>>> print(open('entry31.cif').read())   # mmCIF, C-alpha atoms
data_target
#
loop_
_atom_site.group_PDB
_atom_site.id
_atom_site.type_symbol
_atom_site.label_atom_id
_atom_site.label_comp_id
_atom_site.auth_asym_id
_atom_site.auth_seq_id
_atom_site.Cartn_x
_atom_site.Cartn_y
_atom_site.Cartn_z
ATOM 1 C CA MET K 23 37.439 -82.874 -77.302
ATOM 2 C CA ILE K 24 38.658 -79.296 -77.209
ATOM 3 C CA ASN K 25 41.617 -78.467 -79.415
ATOM 4 C CA ASN K 26 44.111 -75.758 -78.482
ATOM 5 C CA GLN K 27 42.994 -75.981 -74.857
ATOM 6 C CA GLN K 28 44.785 -73.435 -72.710
ATOM 7 C CA PHE K 29 45.210 -74.623 -69.158
ATOM 8 C CA LEU K 30 46.934 -71.505 -67.818
ATOM 9 C CA THR K 31 46.551 -68.079 -69.364
ATOM 10 C CA GLU K 32 49.444 -65.672 -69.724
ATOM 11 C CA GLU K 33 47.712 -63.327 -67.284
ATOM 12 C CA GLU K 34 47.386 -66.091 -64.688
ATOM 13 C CA SER K 35 50.994 -67.089 -65.169
ATOM 14 C CA LEU K 36 52.070 -63.476 -64.628
ATOM 15 C CA LYS K 37 49.987 -63.299 -61.439
ATOM 16 C CA VAL K 38 51.677 -66.441 -60.134
ATOM 17 C CA GLN K 39 55.078 -65.061 -61.136
ATOM 18 C CA ALA K 40 54.385 -61.820 -59.247
ATOM 19 C CA SER K 41 53.409 -63.701 -56.086
ATOM 20 C CA LEU K 42 55.633 -63.934 -53.030
ATOM 21 C CA LEU K 43 56.139 -67.674 -53.523
ATOM 22 C CA THR K 44 59.441 -69.459 -54.043
ATOM 23 C CA SER K 45 60.291 -70.724 -57.530
ATOM 24 C CA GLU K 46 59.274 -74.244 -56.537
ATOM 25 C CA GLU K 47 55.979 -73.006 -55.079
ATOM 26 C CA LYS K 48 55.258 -70.976 -58.228
ATOM 27 C CA PHE K 49 55.833 -74.061 -60.372
ATOM 28 C CA LEU K 50 53.534 -76.127 -58.158
ATOM 29 C CA THR K 51 50.881 -73.390 -58.252
ATOM 30 C CA ARG K 52 50.940 -73.234 -62.076
ATOM 31 C CA LEU K 53 50.837 -77.033 -62.223
ATOM 32 C CA THR K 54 47.909 -77.146 -59.789
ATOM 33 C CA ILE K 55 45.851 -74.613 -61.754
ATOM 34 C CA SER K 56 46.556 -76.438 -65.022
ATOM 35 C CA SER K 57 45.775 -79.821 -63.469
ATOM 36 C CA TRP K 58 42.492 -78.533 -62.040
ATOM 37 C CA ARG K 59 41.442 -77.362 -65.498
ATOM 38 C CA LEU K 60 42.443 -80.670 -67.076
ATOM 39 C CA LEU K 61 40.503 -82.608 -64.427
ATOM 40 C CA LYS K 62 37.446 -80.439 -65.147
ATOM 41 C CA LEU K 63 37.746 -81.373 -68.827
ATOM 42 C CA ILE K 64 38.167 -85.079 -68.052
ATOM 43 C CA ALA K 65 35.156 -84.979 -65.713
ATOM 44 C CA GLN K 66 33.120 -83.265 -68.425
ATOM 45 C CA ASP K 67 34.073 -86.016 -70.905
ATOM 46 C CA TYR K 68 32.864 -88.622 -68.385
ATOM 47 C CA ASN K 69 29.810 -86.506 -67.526
ATOM 48 C CA LYS K 70 30.503 -86.589 -63.804
ATOM 49 C CA PRO K 71 31.836 -84.318 -61.047
ATOM 50 C CA ILE K 72 35.612 -84.119 -60.591
ATOM 51 C CA GLU K 73 35.224 -85.623 -57.135
ATOM 52 C CA GLN K 74 33.845 -88.835 -58.640
ATOM 53 C CA LEU K 75 36.710 -89.392 -61.100
ATOM 54 C CA THR K 76 38.734 -92.498 -60.419
ATOM 55 C CA VAL K 77 42.428 -93.012 -61.004
ATOM 56 C CA GLU K 78 41.514 -95.588 -63.648
ATOM 57 C CA GLU K 79 39.342 -93.068 -65.520
ATOM 58 C CA ILE K 80 42.073 -90.434 -65.491
ATOM 59 C CA ILE K 81 44.622 -92.950 -66.790
ATOM 60 C CA ALA K 82 42.204 -94.169 -69.477
ATOM 61 C CA TRP K 83 41.519 -90.598 -70.588
ATOM 62 C CA MET K 84 45.255 -89.848 -70.795
ATOM 63 C CA GLU K 85 45.833 -93.054 -72.776
ATOM 64 C CA LYS K 86 43.015 -92.131 -75.156
ATOM 65 C CA ASP K 87 44.412 -88.627 -75.729
ATOM 66 C CA SER K 88 47.906 -90.050 -76.239
ATOM 67 C CA LYS K 89 46.577 -92.526 -78.800
ATOM 68 C CA ILE K 90 44.818 -89.724 -80.679
ATOM 69 C CA ARG K 91 48.057 -87.725 -80.744
ATOM 70 C CA ARG K 92 50.036 -90.704 -82.073
ATOM 71 C CA GLU K 93 47.472 -91.793 -84.666
ATOM 72 C CA LYS K 94 45.995 -88.484 -85.875
ATOM 73 C CA GLY K 95 48.594 -85.903 -84.876
ATOM 74 C CA PRO K 96 48.978 -83.400 -82.060
ATOM 75 C CA GLU K 97 46.466 -80.986 -83.571
ATOM 76 C CA PHE K 98 43.712 -83.511 -82.740
ATOM 77 C CA SER K 99 44.726 -84.231 -79.153
ATOM 78 C CA VAL K 100 43.952 -82.118 -76.104
ATOM 79 C CA LEU K 101 47.418 -82.250 -74.584
ATOM 80 C CA LYS K 102 50.151 -80.774 -76.763
ATOM 81 C CA TRP K 103 53.388 -81.984 -75.170
#
>>> encode(input="entry31.cif", output="structure tokens")
Amino acid sequence: MINNQQFLTEEESLKVQASLLTSEEKFLTRLTISSWRLLKLIAQDYNKPIEQLTVEEIIAWMEKDSKIRREKGPEFSVLKW
């Protein structure tokens, strides 16, 4: 797994912020970009295209990353929240 994964760069965030979107739309745009990157990472871990990921695989991946964070510490997990 990749540590210190950045799902939205500062430059990208600034581009979204400068857009003509509402605050809610800007939030959704940042969330969508970040989610797309996370799904790419999950698909890579399963060695399959994003389109073939199942809900069960995404949940299992999230559970696995959460377990790593709890057992080894946040520096070893992908997600840092």
>>> axis_aligned_box(input="entry31.cif", around="region 33-43 of chain K", padding_each_side="5 Å", output="lines of an AutoDock Vina configuration file")
center_x = 51.8
center_y = -64.7
center_z = -60.2
size_x = 18.8
size_y = 15.9
size_z = 24.3
>>> atom_distance(input="entry31.cif", atom1="CA of Lys62 (chain K)", atom2="CA of Ile80 (chain K)")
11.0 Å
>>> residues_around(input="entry31.cif", residues="Ser99 (chain K)", least_positions_apart="3", cutoff="7 Å", atoms="all atoms listed in the file", output="NGL selection string")
:K and (25 or 87 or 90-91 or 96 or 102)
>>> resolve_selection(input="entry31.cif", expression="the PyMOL selection byres ((chain K and resi 101) around 12)", output="PyMOL selection string")
chain K and resi 23-29+56-57+59-60+63-64+83-92+95-100+102-103
>>> write_last_selection(input="entry31.cif", atoms="C-alpha atoms", output="CSV table (one decimal), in the frame of the given file")
chain,number,residue,atom,x,y,z
K,23,MET,CA,37.4,-82.9,-77.3
K,24,ILE,CA,38.7,-79.3,-77.2
K,25,ASN,CA,41.6,-78.5,-79.4
K,26,ASN,CA,44.1,-75.8,-78.5
K,27,GLN,CA,43.0,-76.0,-74.9
K,28,GLN,CA,44.8,-73.4,-72.7
K,29,PHE,CA,45.2,-74.6,-69.2
K,56,SER,CA,46.6,-76.4,-65.0
K,57,SER,CA,45.8,-79.8,-63.5
K,59,ARG,CA,41.4,-77.4,-65.5
K,60,LEU,CA,42.4,-80.7,-67.1
K,63,LEU,CA,37.7,-81.4,-68.8
K,64,ILE,CA,38.2,-85.1,-68.1
K,83,TRP,CA,41.5,-90.6,-70.6
K,84,MET,CA,45.3,-89.8,-70.8
K,85,GLU,CA,45.8,-93.1,-72.8
K,86,LYS,CA,43.0,-92.1,-75.2
K,87,ASP,CA,44.4,-88.6,-75.7
K,88,SER,CA,47.9,-90.0,-76.2
K,89,LYS,CA,46.6,-92.5,-78.8
K,90,ILE,CA,44.8,-89.7,-80.7
K,91,ARG,CA,48.1,-87.7,-80.7
K,92,ARG,CA,50.0,-90.7,-82.1
K,95,GLY,CA,48.6,-85.9,-84.9
K,96,PRO,CA,49.0,-83.4,-82.1
K,97,GLU,CA,46.5,-81.0,-83.6
K,98,PHE,CA,43.7,-83.5,-82.7
K,99,SER,CA,44.7,-84.2,-79.2
K,100,VAL,CA,44.0,-82.1,-76.1
K,102,LYS,CA,50.2,-80.8,-76.8
K,103,TRP,CA,53.4,-82.0,-75.2
>>> atom_distance(input="entry31.cif", atom1="CA of Asn69 (chain K)", atom2="CA of Arg52 (chain K)")
25.5 Å
>>> residues_around(input="entry31.cif", residues="Ala65 (chain K)", least_positions_apart="5", cutoff="9 Å", atoms="all atoms listed in the file", output="JSON, numbers by chain")
{"K": [60, 70, 71, 72, 73, 74, 75, 80]}
>>> closest_residue(input="entry31.cif", among="K:Ala40, K:Ser45, K:Leu30, K:Glu93", to="Trp58 (chain K)", atoms="all atoms listed in the file")
K:Leu30
>>> atom_distance(input="entry31.cif", atom1="CA of Val77 (chain K)", atom2="CA of Thr51 (chain K)")
21.5 Å
>>> closest_residue(input="entry31.cif", among="K:Glu79, K:Leu53, K:Glu32, K:Gln39", to="Gln66 (chain K)", atoms="only C-alpha atoms")
K:Glu79
